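A.B. asks: As input, take work-v5.txt (compact mmCIF, C-alpha atoms):
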```txt
# COMPACT_ATOMS: atom_id res chain seq x y z
CA MET H 243 140.04 10.50 176.33
CA ARG H 244 140.70 12.36 173.07
CA PHE H 245 139.63 11.35 169.57
CA ARG H 246 141.74 12.56 166.70
CA ARG H 247 139.99 13.07 163.37
CA HIS H 248 141.95 12.96 160.24
CA ILE H 249 140.79 15.61 157.71
CA PRO H 250 142.65 15.62 154.42
CA PRO H 251 144.06 18.87 153.09
CA VAL H 252 141.79 21.01 150.90
CA HIS H 253 143.80 20.28 147.80
CA GLU H 254 142.96 16.61 148.28
CA TRP H 255 139.18 17.16 148.41
CA ASN H 256 137.27 15.66 145.54
CA LEU H 257 135.26 18.78 144.45
CA PRO H 258 133.51 19.15 141.06
CA TRP H 259 135.28 22.32 140.03
CA ARG H 260 138.61 20.67 140.62
CA LEU H 261 137.93 18.18 137.90
CA PRO H 262 139.84 19.09 134.75
CA GLU H 263 136.83 18.70 132.52
CA PHE H 264 134.71 21.04 134.72
CA SER H 265 137.09 23.89 135.22
CA ALA H 266 136.41 26.05 132.14
CA LEU H 267 132.99 24.89 131.00
CA GLY H 268 131.59 24.70 134.52
CA ALA H 269 132.66 28.20 135.39
CA ARG H 270 130.89 29.65 132.36
CA ARG H 271 127.75 27.71 133.20
CA TRP H 272 127.77 28.88 136.78
CA ALA H 273 128.26 32.50 135.63
CA LEU H 274 125.43 32.26 133.09
CA ALA H 275 123.16 30.68 135.68
CA LEU H 276 123.91 33.46 138.15
CA VAL H 277 123.24 36.20 135.58
CA GLY H 278 120.05 34.45 134.50
CA ALA H 279 118.83 34.22 138.08
CA MET H 280 119.50 37.92 138.68
CA LEU H 281 117.78 38.95 135.45
CA GLY H 282 114.83 36.70 136.21
CA GLY H 283 114.47 38.21 139.67
CA TYR H 284 114.55 41.76 138.31
CA LEU H 285 112.01 41.01 135.62
CA THR H 286 109.74 39.36 138.20
CA ALA H 287 109.91 42.45 140.42
CA TYR H 288 109.46 44.79 137.44
CA LEU H 289 106.50 42.96 135.91
CA PHE H 290 104.61 41.76 139.00
CA LEU H 291 105.83 43.24 142.28
CA PHE H 292 106.99 46.80 141.55
CA PRO H 293 106.15 47.75 137.95
CA ALA H 294 108.54 50.49 136.84
CA PRO H 295 110.39 51.41 133.67
CA LEU H 296 113.87 50.03 133.25
CA LEU H 297 115.18 53.46 132.28
CA THR H 298 113.20 56.60 133.13
CA ARG H 299 113.29 59.25 130.42
CA HIS H 300 114.04 62.78 131.65
CA GLY H 301 113.42 66.15 130.02
CA VAL H 302 113.44 69.87 130.75
CA VAL H 303 110.27 71.65 131.88
CA PRO H 304 109.49 74.30 129.23
CA ARG H 305 108.60 77.90 130.06
CA VAL H 306 104.85 78.39 129.61
CA LEU H 307 104.42 81.67 131.53
CA GLY H 308 102.49 84.22 129.50
CA LEU H 309 100.72 81.59 127.40
CA SER H 310 97.06 80.71 127.50
CA LEU H 311 96.07 77.61 129.45
CA GLN H 312 95.42 75.69 126.24
CA GLU H 313 98.77 76.64 124.69
CA ALA H 314 100.67 75.84 127.89
CA SER H 315 98.96 72.45 128.22
CA GLU H 316 99.84 71.52 124.64
CA GLN H 317 103.52 72.40 125.12
CA LEU H 318 103.79 70.38 128.33
CA ARG H 319 102.08 67.33 126.86
CA ASN H 320 104.32 67.49 123.79
CA VAL H 321 107.37 66.88 126.02
CA GLY H 322 105.71 64.07 127.96
CA LEU H 323 104.54 66.00 131.00
CA GLN H 324 101.09 66.17 132.56
CA VAL H 325 99.08 69.25 133.53
CA GLN H 326 97.62 70.03 136.96
CA ASP H 327 95.10 72.91 137.06
CA GLY H 328 96.07 75.23 139.92
CA GLY H 329 93.10 77.59 139.53
CA THR H 330 93.26 81.36 139.05
CA GLU H 331 94.62 84.35 140.96
CA PRO H 332 94.28 88.13 140.48
CA HIS H 333 97.18 89.84 138.69
CA PRO H 334 97.64 93.60 138.22
CA THR H 335 98.87 93.42 134.59
CA ALA H 336 98.39 89.92 133.13
CA PRO H 337 95.23 89.51 131.03
CA GLN H 338 92.63 87.03 132.14
CA GLY H 339 93.46 83.40 131.25
CA VAL H 340 97.24 83.90 130.89
CA ILE H 341 99.53 81.59 132.88
CA ILE H 342 101.26 83.54 135.68
CA TRP H 343 102.79 80.68 137.73
CA GLN H 344 104.06 77.16 137.10
CA ASP H 345 105.51 74.47 139.37
CA PRO H 346 108.10 73.06 138.70
CA PRO H 347 109.59 76.26 137.26
CA PRO H 348 111.04 76.45 133.74
CA GLY H 349 114.38 74.75 133.06
CA VAL H 350 114.05 72.06 135.75
CA THR H 351 114.95 68.51 134.71
CA ALA H 352 111.90 66.30 135.26
CA PRO H 353 110.99 62.67 134.52
CA ALA H 354 108.36 61.88 131.91
CA GLY H 355 104.82 61.97 133.25
CA LEU H 356 105.56 64.56 135.94
CA ARG H 357 102.60 66.82 136.78
CA VAL H 358 103.17 70.54 136.24
CA THR H 359 100.81 72.82 138.17
CA LEU H 360 99.59 75.88 136.25
CA VAL H 361 97.93 78.99 137.72
CA ALA H 362 96.14 81.39 135.37
CA SER H 363 95.41 85.09 135.81
CA GLU H 364 91.86 86.18 136.53
CA GLY H 365 92.73 89.74 135.53
CA PRO H 366 93.37 92.79 137.68
CA PRO H 367 91.96 92.73 141.20
CA LYS H 368 88.41 94.09 141.46
CA ILE H 369 87.63 97.42 143.15
CA ALA H 370 84.57 98.13 145.28
CA VAL H 371 82.75 101.41 144.56
CA PRO H 372 83.27 103.62 147.64
CA ASP H 373 80.25 104.81 149.57
CA VAL H 374 80.24 108.59 149.00
CA ALA H 375 76.56 109.31 149.70
CA GLY H 376 76.15 112.47 151.79
CA LEU H 377 79.53 113.91 150.78
CA ASP H 378 80.16 117.04 148.77
CA GLY H 379 80.27 116.33 145.03
CA PRO H 380 83.92 117.30 144.31
CA LEU H 381 85.15 115.36 147.35
CA ALA H 382 83.19 112.29 146.27
CA GLN H 383 84.73 112.46 142.80
CA ARG H 384 88.25 112.61 144.25
CA LEU H 385 87.58 109.59 146.45
CA ILE H 386 86.27 107.58 143.52
CA ALA H 387 89.33 108.44 141.45
CA ALA H 388 91.64 107.59 144.36
CA ALA H 389 90.02 104.15 144.59
CA GLY H 390 91.11 103.43 141.02
CA LEU H 391 87.81 104.11 139.25
CA SER H 392 86.74 106.96 136.96
CA VAL H 393 83.86 109.44 137.17
CA ALA H 394 81.94 109.11 133.91
CA ALA H 395 79.26 111.77 134.55
CA VAL H 396 77.66 113.91 137.22
CA GLU H 397 73.85 114.03 137.24
CA SER H 398 71.45 115.97 139.45
CA VAL H 399 68.06 115.23 140.96
CA GLN H 400 65.64 117.15 143.10
CA ALA H 401 66.06 116.10 146.69
CA ALA H 402 65.66 117.40 150.21
CA ALA H 403 69.46 117.43 150.65
CA PRO H 404 71.40 120.67 150.08
CA PRO H 405 72.46 121.31 146.49
CA GLY H 406 75.71 119.57 145.49
CA VAL H 407 75.47 116.77 148.05
CA VAL H 408 75.88 113.25 146.61
CA MET H 409 72.69 111.20 146.76
CA LEU H 410 73.95 107.97 145.17
CA THR H 411 76.28 106.46 142.59
CA ARG H 412 75.65 104.22 139.62
CA PRO H 413 76.73 101.44 140.06
CA THR H 414 75.79 101.55 143.72
CA ALA H 415 78.29 101.57 146.58
CA THR H 416 80.16 98.29 147.26
CA ALA H 417 79.60 97.08 143.69
CA VAL H 418 82.79 95.38 142.45
CA LEU H 419 84.28 96.77 139.21
CA SER H 420 87.44 96.46 137.17
CA PRO H 421 90.12 99.17 137.60
CA GLY H 422 89.24 102.34 135.69
CA ALA H 423 85.57 101.40 135.28
CA PRO H 424 83.17 104.37 134.93
CA VAL H 425 80.98 105.54 137.82
CA THR H 426 78.16 108.10 137.60
CA VAL H 427 77.72 110.46 140.55
CA VAL H 428 74.19 111.74 141.26
CA VAL H 429 74.01 114.95 143.33
CA SER H 430 71.12 116.92 144.78
CA ARG H 431 69.74 120.02 143.12
CA GLY H 432 68.03 120.92 146.36
CA ALA H 433 64.44 120.68 147.47
CA PRO H 434 61.71 121.71 145.02
CA THR H 435 60.75 125.05 146.62
CA ILE H 436 60.39 127.37 143.62
CA ALA H 437 57.07 127.58 141.81
CA VAL H 438 57.65 127.47 138.03
CA PRO H 439 56.25 130.72 136.56
CA ASP H 440 53.68 130.86 133.78
CA LEU H 441 55.62 131.63 130.59
CA LEU H 442 52.80 131.28 128.05
CA GLY H 443 52.46 134.36 125.82
CA LEU H 444 55.93 135.71 126.70
CA SER H 445 58.63 136.12 124.10
CA GLY H 446 61.57 133.75 124.24
CA ALA H 447 63.84 136.46 125.65
CA ASP H 448 61.32 137.48 128.30
CA ALA H 449 60.83 133.84 129.30
CA ARG H 450 64.57 133.44 129.83
CA THR H 451 64.73 136.60 131.94
CA ARG H 452 61.75 135.53 134.09
CA LEU H 453 63.26 132.09 134.77
CA GLU H 454 66.65 133.49 135.72
CA LEU H 455 65.05 136.00 138.11
CA ASP H 456 63.29 133.09 139.87
CA GLY H 457 66.49 131.04 140.15
CA LEU H 458 65.61 128.67 137.29
CA ALA H 459 67.21 128.13 133.88
CA LEU H 460 65.98 128.05 130.29
CA GLY H 461 66.45 124.65 128.65
CA THR H 462 65.54 123.50 125.15
CA VAL H 463 63.68 125.95 122.89
CA THR H 464 61.55 124.23 120.24
CA ARG H 465 59.78 126.14 117.45
CA ARG H 466 56.37 125.04 116.17
CA ARG H 467 54.16 126.34 113.37
CA THR H 468 50.82 127.54 114.72
CA ARG H 469 48.04 130.06 113.97
CA ASP H 470 46.84 130.21 117.59
CA ALA H 471 49.63 132.48 118.88
CA ASN H 472 51.83 135.33 117.76
CA PRO H 473 55.13 134.20 116.25
CA GLY H 474 57.97 134.29 118.76
CA THR H 475 55.79 133.77 121.84
CA VAL H 476 55.78 130.78 124.19
CA VAL H 477 52.93 128.34 123.53
CA ALA H 478 54.03 125.45 125.85
CA GLN H 479 56.40 124.78 128.69
CA LYS H 480 57.72 121.86 130.72
CA PRO H 481 57.43 121.55 133.72
CA ALA H 482 54.03 123.25 133.76
CA ALA H 483 53.41 126.52 135.56
CA GLY H 484 52.99 126.13 139.33
CA THR H 485 55.20 123.04 139.60
CA LEU H 486 57.61 123.20 142.53
CA ALA H 487 61.21 123.02 141.37
CA ALA H 488 64.63 123.19 142.95
CA PRO H 489 66.95 126.12 142.27
CA GLY H 490 68.63 125.77 138.88
CA THR H 491 65.95 123.48 137.44
CA VAL H 492 65.87 123.62 133.63
CA ILE H 493 62.57 124.62 131.99
CA ASP H 494 61.93 123.70 128.31
CA ILE H 495 59.66 125.89 126.18
CA VAL H 496 57.95 125.76 122.78
CA VAL H 497 57.88 129.02 120.74
CA ALA H 498 55.36 129.74 117.95
CA ARG H 499 56.56 130.41 114.44
CA SER H 500 54.76 131.75 111.38
CA PRO H 501 52.47 129.18 109.71
```
Show this structure as structure tokens.

C.D. replies:
Amino acid sequence: MRFRRHIPPVHEWNLPWRLPEFSALGARRWALALVGAMLGGYLTAYLFLFPAPLLTRHGVVPRVLGLSLQEASEQLRNVGLQVQDGGTEPHPTAPQGVIIWQDPPPGVTAPAGLRVTLVASEGPPKIAVPDVAGLDGPLAQRLIAAAGLSVAAVESVQAAAPPGVVMLTRPTATAVLSPGAPVTVVVSRGAPTIAVPDLLGLSGADARTRLELDGLALGTVTRRRTRDANPGTVVAQKPAAGTLAAPGTVIDIVVARSP
């Protein structure tokens, strides 16, 4: 058995918006209510659920390479960006404290509050003093220069090593220095095997000749007034007579002068 339901056509339904008095005013109210609901939902999400600015302000990351860390930080904060310290790295030419790297790079469009990482220079890379002990003096000097350092002076000491052999450096080997820093090379004058002659009573010229014949050298000549010796003769010497000295050791003397 079939039941037939009678459903009137749509145009005969008695709906609110089909009423003449509702058509214009009702539509505006429905539209305003819909907009209000959407705005209320957005504000609820913005204020309570997901706080975020309605419109994010954007700017361009400035170029701060070559500036000091303080100057670079001020420029970034002035445009609404934050600063992230990225530490330091060696750089062959940039002075210490100068910014050598930034991320994001200059010219990039970035939102306000973005963190910009800055890396500063710690100066040129350090150089370790090479170990040249036991090498010939000239060779040691070339190796030091090749390492990027400079030889400030060459000194000599009495030692059991053959003359001219490097005993040590100042600063010592493996010390870390800046490029071009000075290094002093200390070489051996040889073992003290020559007995210093007695020069007292000799003239200055004879003292020089005696020292050179023994393989030594005349150093400083000081003149002193005295009545205990003939003018022009040696009255004191250093090192004293009988001291063992290496070849080439310098001997200082004091010569009498008229009172």

A.B. asks: Give me the residues within 9 Å of segment 422-426 of chain H as an MDAnalysis selection string, counting all atoms listed in the file and dropping any in the same chain fewer than 4 places off.

C.D. replies: chainID H and resid 371 386:387 390:397 410:414

A.B. asks: Suppose we keep C-alpha atoms; can you now write the selection as an mmCIF file, in the frame of the given file?

C.D. replies:
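The file below, out-v9.cif, is the result:
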```cif
data_model
loop_
_atom_site.group_PDB
_atom_site.id
_atom_site.type_symbol
_atom_site.label_atom_id
_atom_site.label_comp_id
_atom_site.auth_asym_id
_atom_site.auth_seq_id
_atom_site.Cartn_x
_atom_site.Cartn_y
_atom_site.Cartn_z
ATOM 1 C CA VAL H 371 82.750 101.410 144.560
ATOM 2 C CA ILE H 386 86.270 107.580 143.520
ATOM 3 C CA ALA H 387 89.330 108.440 141.450
ATOM 4 C CA GLY H 390 91.110 103.430 141.020
ATOM 5 C CA LEU H 391 87.810 104.110 139.250
ATOM 6 C CA SER H 392 86.740 106.960 136.960
ATOM 7 C CA VAL H 393 83.860 109.440 137.170
ATOM 8 C CA ALA H 394 81.940 109.110 133.910
ATOM 9 C CA ALA H 395 79.260 111.770 134.550
ATOM 10 C CA VAL H 396 77.660 113.910 137.220
ATOM 11 C CA GLU H 397 73.850 114.030 137.240
ATOM 12 C CA LEU H 410 73.950 107.970 145.170
ATOM 13 C CA THR H 411 76.280 106.460 142.590
ATOM 14 C CA ARG H 412 75.650 104.220 139.620
ATOM 15 C CA PRO H 413 76.730 101.440 140.060
ATOM 16 C CA THR H 414 75.790 101.550 143.720
#
```

A.B. asks: Take the point (62.7, 127.2, 121.1) in the file's coordinates, draw a sphere of radius 10 Å around it, and report as a list in words every protein, DNA or RNA residue with an atom inside or on it, counting all atoms listed in the file.

C.D. replies: Gly446, Leu460, Gly461, Thr462, Val463, Thr464, Arg465, Arg466, Gly474, Thr475, Val476, Asp494, Ile495, Val496, Val497, Ala498 and Arg499 of chain H

A.B. asks: Compare H:Met280, H:Ala370, H:Leu453, H:Leu274 by their minimum atom-to-atom distance to Ser420 of chain H, counting only C-alpha atoms, and give me the closest one.

C.D. replies: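 That would be H:Ala370, the residue with the smallest distance to Ser420 of chain H.
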
A.B. asks: If you measure from atom CA of Gln324 of chain H to atom CA of Arg357 of chain H, what distance in Å do you get, rounded to one decimal?

C.D. replies: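 Atom CA of Arg357 of chain H lies at a distance of 4.5 Å from atom CA of Gln324 of chain H.
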
A.B. asks: With all atoms listed in the file as the atoms that count, which of H:Ile369, H:Val492, H:Ile342, H:Leu486 lies nearest to Val418 of chain H?

C.D. replies: H:Ile369

A.B. asks: Could you rebuild segment 380-401 of chain H with N, CA and C atoms and give it back as a PDB file, in the frame of the given file?

C.D. replies:
```
ATOM      1  N   PRO H 380      82.498 117.363 144.689  1.00  0.00           N
ATOM      2  CA  PRO H 380      83.920 117.300 144.310  1.00  0.00           C
ATOM      3  C   PRO H 380      84.730 116.327 145.179  1.00  0.00           C
ATOM      4  N   LEU H 381      84.446 116.300 146.478  1.00  0.00           N
ATOM      5  CA  LEU H 381      85.150 115.360 147.350  1.00  0.00           C
ATOM      6  C   LEU H 381      84.833 113.921 146.964  1.00  0.00           C
ATOM      7  N   ALA H 382      83.582 113.640 146.664  1.00  0.00           N
ATOM      8  CA  ALA H 382      83.190 112.290 146.270  1.00  0.00           C
ATOM      9  C   ALA H 382      83.903 111.876 144.980  1.00  0.00           C
ATOM     10  N   GLN H 383      84.034 112.790 144.044  1.00  0.00           N
ATOM     11  CA  GLN H 383      84.730 112.460 142.800  1.00  0.00           C
ATOM     12  C   GLN H 383      86.195 112.141 143.047  1.00  0.00           C
ATOM     13  N   ARG H 384      86.831 112.878 143.948  1.00  0.00           N
ATOM     14  CA  ARG H 384      88.250 112.610 144.250  1.00  0.00           C
ATOM     15  C   ARG H 384      88.409 111.239 144.910  1.00  0.00           C
ATOM     16  N   LEU H 385      87.494 110.887 145.781  1.00  0.00           N
ATOM     17  CA  LEU H 385      87.580 109.590 146.450  1.00  0.00           C
ATOM     18  C   LEU H 385      87.382 108.444 145.461  1.00  0.00           C
ATOM     19  N   ILE H 386      86.489 108.620 144.519  1.00  0.00           N
ATOM     20  CA  ILE H 386      86.270 107.580 143.520  1.00  0.00           C
ATOM     21  C   ILE H 386      87.512 107.404 142.650  1.00  0.00           C
ATOM     22  N   ALA H 387      88.113 108.533 142.251  1.00  0.00           N
ATOM     23  CA  ALA H 387      89.330 108.440 141.450  1.00  0.00           C
ATOM     24  C   ALA H 387      90.482 107.822 142.240  1.00  0.00           C
ATOM     25  N   ALA H 388      90.580 108.159 143.531  1.00  0.00           N
ATOM     26  CA  ALA H 388      91.640 107.590 144.360  1.00  0.00           C
ATOM     27  C   ALA H 388      91.477 106.092 144.537  1.00  0.00           C
ATOM     28  N   ALA H 389      90.254 105.592 144.460  1.00  0.00           N
ATOM     29  CA  ALA H 389      90.020 104.150 144.590  1.00  0.00           C
ATOM     30  C   ALA H 389      90.413 103.381 143.348  1.00  0.00           C
ATOM     31  N   GLY H 390      90.713 104.099 142.253  1.00  0.00           N
ATOM     32  CA  GLY H 390      91.110 103.430 141.020  1.00  0.00           C
ATOM     33  C   GLY H 390      90.010 103.341 139.978  1.00  0.00           C
ATOM     34  N   LEU H 391      88.909 104.065 140.206  1.00  0.00           N
ATOM     35  CA  LEU H 391      87.810 104.110 139.250  1.00  0.00           C
ATOM     36  C   LEU H 391      87.780 105.484 138.586  1.00  0.00           C
ATOM     37  N   SER H 392      86.852 105.674 137.646  1.00  0.00           N
ATOM     38  CA  SER H 392      86.740 106.960 136.960  1.00  0.00           C
ATOM     39  C   SER H 392      85.314 107.479 137.059  1.00  0.00           C
ATOM     40  N   VAL H 393      85.176 108.804 137.113  1.00  0.00           N
ATOM     41  CA  VAL H 393      83.860 109.440 137.170  1.00  0.00           C
ATOM     42  C   VAL H 393      83.416 109.710 135.739  1.00  0.00           C
ATOM     43  N   ALA H 394      82.389 108.986 135.292  1.00  0.00           N
ATOM     44  CA  ALA H 394      81.940 109.110 133.910  1.00  0.00           C
ATOM     45  C   ALA H 394      81.061 110.338 133.714  1.00  0.00           C
ATOM     46  N   ALA H 395      80.195 110.650 134.696  1.00  0.00           N
ATOM     47  CA  ALA H 395      79.260 111.770 134.550  1.00  0.00           C
ATOM     48  C   ALA H 395      78.762 112.167 135.923  1.00  0.00           C
ATOM     49  N   VAL H 396      78.273 113.403 135.998  1.00  0.00           N
ATOM     50  CA  VAL H 396      77.660 113.910 137.220  1.00  0.00           C
ATOM     51  C   VAL H 396      76.237 114.339 136.866  1.00  0.00           C
ATOM     52  N   GLU H 397      75.242 113.710 137.485  1.00  0.00           N
ATOM     53  CA  GLU H 397      73.850 114.030 137.240  1.00  0.00           C
ATOM     54  C   GLU H 397      73.245 114.660 138.493  1.00  0.00           C
ATOM     55  N   SER H 398      72.097 115.307 138.313  1.00  0.00           N
ATOM     56  CA  SER H 398      71.450 115.970 139.450  1.00  0.00           C
ATOM     57  C   SER H 398      69.985 115.566 139.519  1.00  0.00           C
ATOM     58  N   VAL H 399      69.479 115.543 140.732  1.00  0.00           N
ATOM     59  CA  VAL H 399      68.060 115.230 140.960  1.00  0.00           C
ATOM     60  C   VAL H 399      67.534 116.178 142.033  1.00  0.00           C
ATOM     61  N   GLN H 400      66.254 116.374 142.029  1.00  0.00           N
ATOM     62  CA  GLN H 400      65.640 117.150 143.100  1.00  0.00           C
ATOM     63  C   GLN H 400      65.570 116.292 144.354  1.00  0.00           C
ATOM     64  N   ALA H 401      66.043 116.846 145.434  1.00  0.00           N
ATOM     65  CA  ALA H 401      66.060 116.100 146.690  1.00  0.00           C
ATOM     66  C   ALA H 401      66.040 117.071 147.846  1.00  0.00           C
TER      67      ALA H 401
END
```
